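> File name entry-v2.cif; file contents mmCIF, C-alpha atoms; full text below.
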data_work
#
loop_
_atom_site.label_atom_id
_atom_site.label_comp_id
_atom_site.auth_asym_id
_atom_site.auth_seq_id
_atom_site.Cartn_x
_atom_site.Cartn_y
_atom_site.Cartn_z
CA MET G 2 1.40 -69.75 -9.62
CA GLN G 3 -1.51 -67.64 -8.51
CA LYS G 4 0.21 -67.01 -5.18
CA SER G 5 3.34 -65.75 -6.98
CA TYR G 6 1.24 -63.29 -8.97
CA LYS G 7 -0.30 -61.89 -5.83
CA THR G 8 3.11 -61.42 -4.28
CA ALA G 9 4.41 -59.63 -7.33
CA GLY G 10 1.35 -57.42 -7.26
CA ALA G 11 2.01 -56.48 -3.66
CA VAL G 12 5.65 -55.68 -4.35
CA PHE G 13 4.65 -53.47 -7.25
CA ALA G 14 2.21 -51.62 -5.06
CA VAL G 15 4.85 -50.90 -2.44
CA ALA G 16 7.33 -49.76 -5.05
CA ALA G 17 4.77 -47.48 -6.55
CA MET G 18 4.01 -46.04 -3.16
CA ILE G 19 7.68 -45.39 -2.41
CA SER G 20 8.37 -43.88 -5.76
CA GLY G 21 5.32 -41.63 -5.25
CA ASN G 22 6.86 -40.29 -2.05
CA LEU G 23 10.16 -39.62 -3.69
CA GLN G 24 8.83 -37.86 -6.69
CA ALA G 25 8.92 -34.10 -6.35
CA ALA G 26 8.38 -31.09 -8.51
CA ASP G 27 11.48 -29.88 -10.26
CA SER G 28 10.73 -26.36 -9.09
CA ALA G 29 9.13 -24.66 -6.12
CA SER G 30 7.74 -21.24 -5.33
CA THR G 31 6.68 -19.33 -2.30
CA ASP G 32 4.70 -16.10 -2.35
CA ILE G 33 5.34 -13.09 -0.17
CA LYS G 34 2.36 -10.78 -0.14
CA LEU G 35 3.24 -7.16 0.54
CA LYS G 36 0.63 -4.86 2.00
CA GLY G 37 0.57 -1.24 3.06
CA HIS G 38 -1.94 1.49 3.68
CA ALA G 39 -1.41 5.14 2.88
CA LYS G 40 -3.57 7.09 5.25
CA PRO G 41 -5.69 9.94 3.93
CA GLY G 42 -4.30 13.29 4.91
CA CYS G 43 -4.18 16.97 4.04
CA LEU G 44 -1.59 19.70 4.32
CA MET G 45 -2.53 23.33 4.61
CA PRO G 46 0.31 25.79 5.08
CA GLY G 47 -0.40 29.26 6.40
CA PRO G 48 -1.56 31.93 3.96
CA THR G 49 0.31 34.72 2.31
CA VAL G 50 -1.34 38.01 1.48
CA GLY G 51 -1.80 38.94 -2.13
CA SER G 52 -3.64 42.06 -3.11
CA ALA G 53 -5.37 44.00 -0.36
CA ASN G 54 -7.65 46.98 -0.47
CA ASN G 55 -8.51 48.69 2.77
CA ALA G 56 -7.60 45.52 4.61
CA ALA G 57 -4.61 44.09 6.46
CA PHE G 58 -3.86 40.51 7.38
CA ALA G 59 -1.58 39.38 10.19
CA ASN G 60 -1.55 36.49 12.66
CA ASN G 61 -4.51 34.88 10.96
CA THR G 62 -6.59 37.97 11.58
CA LEU G 63 -8.02 40.10 8.82
CA THR G 64 -8.64 43.70 9.78
CA PHE G 65 -10.70 46.06 7.68
CA GLU G 66 -8.85 49.23 8.50
CA ASN G 67 -11.55 51.71 7.52
CA LEU G 68 -14.67 49.70 7.51
CA LEU G 69 -16.97 52.69 7.09
CA ASP G 70 -17.17 55.63 4.83
CA GLU G 71 -16.60 58.60 7.13
CA ALA G 72 -19.22 60.75 5.52
CA SER G 73 -22.07 58.28 5.48
CA SER G 74 -21.11 55.66 8.07
CA THR G 75 -21.94 53.04 5.47
CA VAL G 76 -19.72 50.06 4.71
CA LYS G 77 -16.86 50.70 2.30
CA ALA G 78 -15.79 48.17 -0.26
CA SER G 79 -12.72 46.32 0.91
CA SER G 80 -10.98 43.16 -0.17
CA VAL G 81 -8.07 40.91 0.45
CA ALA G 82 -6.71 37.91 -1.41
CA LEU G 83 -5.08 35.18 0.65
CA THR G 84 -3.08 32.38 -0.89
CA PHE G 85 -2.52 29.13 0.94
CA PRO G 86 0.39 27.70 -1.06
CA GLY G 87 0.51 24.05 -2.08
CA VAL G 88 -2.54 22.85 -0.22
CA MET G 89 -2.59 19.09 -0.58
CA CYS G 90 -5.02 16.30 0.12
CA ASN G 91 -4.05 12.81 -1.01
CA TYR G 92 -7.68 11.74 -1.27
CA ASN G 93 -11.02 13.06 -2.40
CA ALA G 94 -11.42 15.69 0.29
CA THR G 95 -14.03 18.36 0.77
CA VAL G 96 -13.22 22.06 0.91
CA SER G 97 -15.51 24.20 3.00
CA LEU G 98 -15.94 27.77 4.16
CA SER G 99 -18.02 28.48 7.22
CA THR G 100 -18.97 31.59 9.13
CA THR G 101 -19.22 31.38 12.89
CA ASN G 102 -21.50 34.40 13.38
CA GLY G 103 -23.11 34.54 9.97
CA GLY G 104 -21.37 37.87 9.25
CA MET G 105 -19.36 40.33 11.35
CA THR G 106 -21.46 41.05 14.39
CA SER G 107 -21.01 43.83 16.90
CA THR G 108 -19.39 43.03 20.20
CA SER G 109 -20.07 46.38 21.81
CA GLY G 110 -23.79 46.16 22.27
CA THR G 111 -24.59 49.74 21.29
CA THR G 112 -28.34 50.17 21.26
CA ASP G 113 -30.07 51.25 18.08
CA ILE G 114 -33.11 53.14 19.28
CA SER G 115 -34.24 54.09 15.79
CA GLY G 116 -33.84 50.76 14.10
CA ASN G 117 -32.11 52.33 11.14
CA PHE G 118 -28.56 51.04 11.63
CA LEU G 119 -26.92 47.83 10.59
CA GLN G 120 -26.03 45.57 13.48
CA ARG G 121 -24.14 43.17 11.27
CA VAL G 122 -21.62 43.70 8.50
CA ASP G 123 -21.84 41.11 5.78
CA TYR G 124 -19.05 39.94 3.57
CA VAL G 125 -18.46 37.62 0.66
CA VAL G 126 -15.86 34.86 0.29
CA ARG G 127 -14.77 33.28 -2.96
CA ALA G 128 -12.35 30.39 -2.97
CA SER G 129 -10.60 28.36 -5.64
CA TRP G 130 -8.33 25.36 -5.20
CA GLY G 131 -6.42 24.67 -8.38
CA GLY G 132 -9.35 25.31 -10.63
CA LEU G 133 -11.87 23.87 -8.24
CA ASN G 134 -14.23 26.76 -7.52
CA LEU G 135 -16.34 26.71 -4.41
CA PRO G 136 -19.80 28.24 -4.25
CA GLU G 137 -19.67 31.80 -2.93
CA LEU G 138 -20.16 32.25 0.75
CA LYS G 139 -22.43 35.26 1.26
CA THR G 140 -23.15 35.98 4.88
CA VAL G 141 -26.08 38.20 3.99
CA SER G 142 -28.04 35.08 3.25
CA MET G 143 -26.67 33.00 6.11
CA SER G 144 -27.10 32.60 9.78
CA ALA G 145 -24.50 31.61 12.37
CA GLY G 146 -22.68 28.46 11.32
CA GLY G 147 -23.60 28.84 7.66
CA HIS G 148 -21.27 27.21 5.21
CA VAL G 149 -20.56 26.26 1.63
CA SER G 150 -18.54 23.26 0.53
CA ARG G 151 -17.44 21.25 -2.45
CA GLU G 152 -15.95 17.82 -2.87
CA ALA G 153 -12.69 17.93 -4.77
CA GLY G 154 -13.32 14.81 -6.84
CA GLY G 155 -9.84 13.41 -6.27
CA ALA G 156 -6.52 14.08 -4.69
CA ASN G 157 -5.43 17.65 -5.20
CA ARG G 158 -2.29 19.68 -4.73
CA ALA G 159 -2.52 23.34 -5.61
CA ASP G 160 -2.69 26.82 -4.15
CA LEU G 161 -5.91 27.60 -2.38
CA VAL G 162 -6.85 31.21 -3.07
CA VAL G 163 -9.42 32.84 -0.82
CA ASN G 164 -10.84 36.27 -1.57
CA ILE G 165 -12.69 38.04 1.22
CA LEU G 166 -14.52 41.24 0.46
CA THR G 167 -17.09 43.67 1.69
CA GLU G 168 -19.28 45.59 -0.71
CA ASP G 169 -20.34 49.19 -0.62
CA GLY G 170 -23.36 49.60 1.62
CA SER G 171 -26.21 52.06 1.75
CA THR G 172 -27.29 51.72 5.36
CA PRO G 173 -25.31 53.32 8.19
CA VAL G 174 -23.62 50.91 10.53
CA ILE G 175 -23.87 51.24 14.27
CA GLU G 176 -20.67 52.14 16.07
CA GLY G 177 -18.68 49.29 17.55
CA GLN G 178 -16.30 46.40 17.12
CA PHE G 179 -17.43 43.85 14.58
CA GLU G 180 -16.07 40.34 14.45
CA ASP G 181 -16.54 36.98 12.86
CA THR G 182 -14.50 33.84 12.38
CA LEU G 183 -14.23 32.40 8.90
CA VAL G 184 -13.18 28.76 8.89
CA VAL G 185 -11.43 27.46 5.79
CA LYS G 186 -11.28 23.71 5.97
CA ILE G 187 -10.15 20.84 3.80
CA GLY G 188 -10.79 17.31 4.90
CA ALA G 189 -13.70 15.03 5.52
CA ALA G 190 -17.08 16.01 4.23
CA TYR G 191 -18.63 18.87 6.16
CA MET F 24 9.99 -94.28 -16.72
CA LEU F 25 8.85 -91.01 -15.16
CA PRO F 26 8.06 -88.09 -17.39
CA ARG F 27 10.82 -85.49 -17.37
CA SER F 28 8.69 -82.79 -15.76
CA VAL F 29 7.70 -85.01 -12.89
CA PHE F 30 11.32 -85.96 -12.35
CA PHE F 31 12.30 -82.30 -11.99
CA ALA F 32 9.43 -81.65 -9.64
CA ILE F 33 10.60 -84.43 -7.43
CA CYS F 34 14.15 -83.21 -7.46
CA GLN F 35 12.98 -79.70 -6.47
CA THR F 36 10.94 -81.11 -3.62
CA ILE F 37 13.91 -83.09 -2.33
CA LEU F 38 16.18 -80.09 -2.63
CA ALA F 39 13.70 -77.89 -0.76
CA SER F 40 13.37 -80.52 1.96
CA VAL F 41 17.09 -80.79 2.35
CA THR F 42 17.49 -77.00 2.55
CA TYR F 43 14.76 -76.71 5.13
CA ALA F 44 16.27 -79.52 7.14
CA ALA F 45 19.63 -77.72 7.16
CA GLY F 46 18.07 -74.82 9.16
CA SER F 47 19.48 -72.02 7.05
CA GLY F 48 18.75 -70.43 3.71
CA GLU F 49 19.68 -67.60 1.50
CA THR F 50 17.85 -65.43 -0.90
CA HIS F 51 18.88 -62.31 -2.77
CA ILE F 52 16.59 -59.31 -2.93
CA GLY F 53 17.39 -56.71 -5.48
CA ILE F 54 16.70 -53.17 -4.21
CA LYS F 55 16.28 -50.29 -6.59
CA ALA F 56 15.30 -46.70 -6.11
CA ARG F 57 15.12 -43.65 -8.22
CA THR F 58 15.17 -40.08 -7.04
CA TYR F 59 13.52 -37.42 -9.08
CA PRO F 60 14.64 -33.88 -9.58
CA GLY F 61 13.01 -31.94 -6.80
CA CYS F 62 12.96 -28.46 -5.31
CA SER F 63 10.99 -27.43 -2.31
CA PHE F 64 10.59 -24.89 0.43
CA SER F 65 10.46 -26.66 3.75
CA SER F 66 9.93 -23.95 6.31
CA ALA F 67 7.82 -20.89 6.77
CA SER F 68 9.50 -17.50 6.55
CA THR F 69 11.02 -16.04 9.65
CA ALA F 70 11.94 -12.38 10.05
CA LEU F 71 15.59 -11.75 10.85
CA ALA F 72 15.35 -7.98 11.04
CA SER F 73 12.89 -5.29 10.09
CA GLN F 74 12.26 -1.59 10.01
CA ASN F 75 8.71 -0.28 9.67
CA MET F 76 7.61 -3.68 8.35
CA THR F 77 6.30 -6.81 10.06
CA LEU F 78 5.87 -10.41 9.06
CA ALA F 79 2.13 -10.55 9.58
CA SER F 80 1.70 -14.21 8.68
CA SER F 81 3.98 -16.96 7.57
CA GLY F 82 3.59 -20.29 5.83
CA ILE F 83 5.61 -22.45 3.49
CA ALA F 84 3.63 -21.52 0.42
CA SER F 85 2.70 -17.98 1.35
CA SER F 86 3.62 -15.22 3.78
CA THR F 87 2.39 -11.70 4.32
CA VAL F 88 4.54 -8.69 5.04
CA ALA F 89 2.73 -5.60 6.28
CA ILE F 90 4.12 -2.09 6.15
CA THR F 91 3.54 -0.52 9.53
CA GLU F 92 3.35 3.14 8.48
CA MET F 93 3.47 3.67 4.77
CA VAL F 94 3.35 7.46 4.82
CA ASP F 95 4.65 10.18 7.06
CA ASP F 96 1.86 11.71 9.11
CA ALA F 97 3.04 15.26 8.58
CA THR F 98 3.79 15.18 4.86
CA ALA F 99 1.98 12.13 3.43
CA THR F 100 5.28 11.22 1.74
CA LEU F 101 6.61 7.68 1.62
CA LYS F 102 8.36 6.31 4.69
CA ALA F 103 11.30 3.95 4.35
CA ALA F 104 10.71 0.33 5.32
CA SER F 105 12.62 -2.91 5.09
CA ILE F 106 12.55 -6.52 6.22
CA GLN F 107 14.89 -9.48 6.04
CA LEU F 108 13.33 -12.92 5.79
CA SER F 109 14.75 -16.39 5.84
CA LEU F 110 13.21 -19.66 4.70
CA ARG F 111 14.64 -23.12 4.15
CA ALA F 112 14.75 -24.61 0.71
CA SER F 113 16.42 -27.39 -1.22
CA CYS F 114 17.00 -28.39 -4.81
CA ASN F 115 18.71 -31.67 -5.70
CA ILE F 116 19.53 -30.59 -9.21
CA PRO F 117 21.30 -27.67 -10.80
CA HIS F 118 18.73 -24.90 -10.82
CA ARG F 119 18.04 -21.18 -10.86
CA ILE F 120 16.52 -18.67 -8.46
CA THR F 121 14.18 -15.95 -9.63
CA LEU F 122 12.10 -13.19 -8.04
CA ILE F 123 8.83 -12.18 -9.70
CA SER F 124 6.62 -9.21 -8.88
CA ALA F 125 2.99 -9.71 -9.83
CA GLN F 126 2.27 -6.01 -10.32
CA GLY F 127 5.74 -4.56 -10.69
CA GLY F 128 5.43 -2.69 -7.43
CA LEU F 129 2.89 -1.93 -4.76
CA GLU F 130 -0.29 -0.88 -6.48
CA SER F 131 -3.33 0.72 -4.97
CA ASP F 132 -6.36 -1.50 -4.62
CA SER F 133 -8.64 1.42 -5.43
CA GLU F 134 -8.99 3.78 -8.35
CA ASN F 135 -7.08 6.94 -7.61
CA THR F 136 -7.50 10.20 -9.40
CA SER F 137 -5.76 13.49 -8.89
CA LEU F 138 -6.84 16.92 -10.07
CA ASN F 139 -3.63 18.89 -9.83
CA GLY F 140 -0.09 18.24 -8.77
CA ALA F 141 2.01 15.11 -8.70
CA PHE F 142 1.34 12.19 -6.37
CA LEU F 143 2.90 8.82 -5.91
CA GLY F 144 0.34 6.30 -7.07
CA LYS F 145 2.52 3.22 -7.30
CA VAL F 146 5.20 2.36 -4.80
CA GLY F 147 8.32 0.62 -6.00
CA TYR F 148 10.47 -1.65 -3.90
CA GLN F 149 13.68 -3.57 -4.11
CA ALA F 150 13.84 -7.28 -3.35
CA THR F 151 17.01 -9.30 -3.05
CA ALA F 152 17.36 -13.06 -2.71
CA GLN F 153 20.60 -14.59 -1.51
CA TRP F 154 20.90 -18.33 -2.04
CA GLY F 155 24.31 -19.59 -1.15
CA SER F 156 26.85 -17.74 -3.19
CA GLN F 157 24.27 -16.63 -5.72
CA GLY F 158 22.06 -13.62 -5.39
CA THR F 159 19.52 -11.82 -7.48
CA THR F 160 17.83 -8.44 -7.15
CA LEU F 161 14.55 -7.14 -8.45
CA ILE F 162 13.96 -3.39 -8.56
CA THR F 163 10.35 -2.94 -9.53
CA ASN F 164 9.59 -0.55 -12.35
CA GLY F 165 5.84 -0.82 -12.62
CA THR F 166 5.76 -3.65 -15.14
CA PRO F 167 3.38 -6.43 -14.10
CA GLY F 168 5.08 -9.83 -13.98
CA GLN F 169 8.52 -8.26 -13.77
CA ARG F 170 11.31 -10.78 -13.11
CA SER F 171 14.78 -10.57 -11.72
CA ASP F 172 17.80 -12.15 -13.28
CA ALA F 173 17.87 -15.91 -12.75
CA PRO F 174 21.40 -16.87 -11.77
CA ALA F 175 22.33 -20.53 -12.16
CA ILE F 176 23.25 -22.68 -9.19
CA VAL F 177 25.48 -25.34 -10.72
CA GLY F 178 24.70 -28.15 -8.29
CA PRO F 179 22.18 -29.21 -5.70
CA ARG F 180 21.79 -27.00 -2.67
CA ALA F 181 19.94 -27.02 0.62
CA GLY F 182 19.87 -24.24 3.14
CA ASP F 183 18.36 -20.86 3.86
CA VAL F 184 17.18 -18.45 1.22
CA ASN F 185 17.59 -14.95 2.59
CA ILE F 186 15.21 -12.37 1.21
CA GLU F 187 15.45 -8.65 1.77
CA ILE F 188 12.67 -6.28 0.78
CA LYS F 189 13.27 -2.53 0.89
CA ILE F 190 11.13 0.49 0.21
CA ASP F 191 13.09 3.71 -0.08
CA GLY F 192 14.05 6.39 -2.55
CA THR F 193 15.74 3.96 -4.95
CA ASN F 194 12.88 4.05 -7.37
CA ASN F 195 10.38 6.28 -5.60
CA ASP F 196 10.16 10.05 -5.52
CA THR F 197 10.01 10.50 -1.77
CA THR F 198 9.17 14.18 -2.10
CA LEU F 199 5.73 13.38 -3.48
CA PRO F 200 2.71 12.67 -1.31
CA VAL F 201 1.31 9.18 -1.71
CA LEU F 202 -2.25 8.80 -2.90
CA ALA F 203 -4.35 7.49 -0.06
CA GLY F 204 -5.37 3.86 -0.26
CA SER F 205 -4.43 0.26 0.35
CA TYR F 206 -1.45 -0.98 -1.62
CA SER F 207 -0.35 -4.54 -2.33
CA ASP F 208 1.80 -6.78 -4.47
CA THR F 209 2.86 -10.42 -4.51
CA LEU F 210 6.56 -11.24 -4.68
CA THR F 211 7.20 -14.81 -5.77
CA VAL F 212 10.46 -16.56 -4.91
CA HIS F 213 11.05 -19.32 -7.43
CA ILE F 214 13.72 -22.00 -7.39
CA GLY F 215 14.12 -24.72 -9.98
CA ALA F 216 14.02 -24.98 -13.70
CA PRO F 217 14.15 -21.70 -15.55
CA LEU F 218 10.76 -20.09 -15.97
#
Now that the file is in, can you turn its structure into structure tokens?


Amino acid sequence: MQKSYKTAGAVFAVAAMISGNLQAADSASTDIKLKGHAKPGCLMPGPTVGSANNAAFANNTLTFENLLDEASSTVKASSVALTFPGVMCNYNATVSLSTTNGGMTSTSGTTDISGNFLQRVDYVVRASWGGLNLPELKTVSMSAGGHVSREAGGANRADLVVNILTEDGSTPVIEGQFEDTLVVKIGAAY
Amino acid sequence: MLPRSVFFAICQTILASVTYAAGSGETHIGIKARTYPGCSFSSASTALASQNMTLASSGIASSTVAITEMVDDATATLKAASIQLSLRASCNIPHRITLISAQGGLESDSENTSLNGAFLGKVGYQATAQWGSQGTTLITNGTPGQRSDAPAIVGPRAGDVNIEIKIDGTNNDTTLPVLAGSYSDTLTVHIGAPL
């Protein structure tokens, strides 16, 4: 009698094991994870000229047509407004303005024997990118490579307006060709 | 006179001896089994075709599809991408097939803000599952937990479930730049009882 009980117990165990293998969930799922990365990037189309006073812009070169007052040889006020339409960065980029020479410097090398002439013509740049105003770049207080910058605070897509101007001066400027390169940049932090 | 129980015991012993002596015997074993309603996926996904998407990893329970280039380098706008996957499945009961998007589209893993202008901050996609003669499509609309229709399969079925995932202009404005960041979603393919 005891032997029969053991046998029945063994059979039950096997049956349970088999039924355990057969039993399945009445539903099944599989997950497909989708991943992608949108790279940070910026677009900066070329500028168009807005208002201009005593200045002309072409081929990415701004020319102050009559830099000096003829009577006094001092710097005349001039200005130009450039609009870079639809400048876009899809991330929190930094906008910067930098001056290569720290102002327009003479390339002619005329000697000033009296020390009473300006060897450098300073200018001011103001820039705004869809309400984001940068600090003014004033070359008078900068040396070569000087810059100003501002982090946008988020992605931005708007016109970037850059005003470049010279102010009336009181000191005569030495004769010559004056040049500088202004770099307008949007992208990684300066 | 022998007690009745002893008499039967003796008879059984004699009968057993005779049977043994005959060199043959017979017994009947009843066999029973029960199958349970069951659905399962039995193979990892394989990619049948793809454009700008790859099957980065594959398992029965989970796979990963990676978009190769999500945005155009020159414009930061969305690039089209698609992939066709296949995986084996079976259901021994009438059942349904459903697609579920965890986030209702590809969502950025980081907080994105924009100052001016419109950007694409969530990327929609279209997923289609074909299971025998039945198919279902999910076009994400940004609603977390969004589900496709769940067509009924009237009987059991075993075979390949074909999945197609497409990113295009169906529900995305492809003229807008995409906010930078890492995007993800989980698409669940469900077969079995209605959810």

> Selection in question (the file shown): the PyMOL selection byres ((chain G and resi 114-117) around 9). Which residues does it include, as a list in words?

Thr112, Asp113, Phe118, Leu119, Thr172, Pro173, Val174 and Ile175 of chain G

> Provide as a PyMOL selection string the residues of chain F at most 6 Å from chain G, counting all atoms listed in the file.

chain F and resi 59-63+84-90+93-94+136-140+202-216

> Identify, on the basis of all atoms listed in the file, every residue whose closest approach to Ile162 of chain F does not exceed 7 Å; exclude the query and any residue fewer than 3 positions from it along the same chain; express the result as a list in words.

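In the requested format, the answer is Tyr148, Gln149 and Ala150 of chain F.
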
> Tell me, as a VMD selection string, which residues lie within 12 Å of Val184 of chain F, counting only C-alpha atoms; anything in the same chain fewer than 6 positions away does not count.

(chain G and resid 30 to 31) or (chain F and resid 63 to 71 107 to 114 120 to 122 151 to 159 212 to 214)

> If the PyMOL selection byres ((chain F and resi 174-181) around 6) were run on this exact file, what residues would it hold? Put them as a PyMOL selection string.

chain F and resi 112-119+173+182
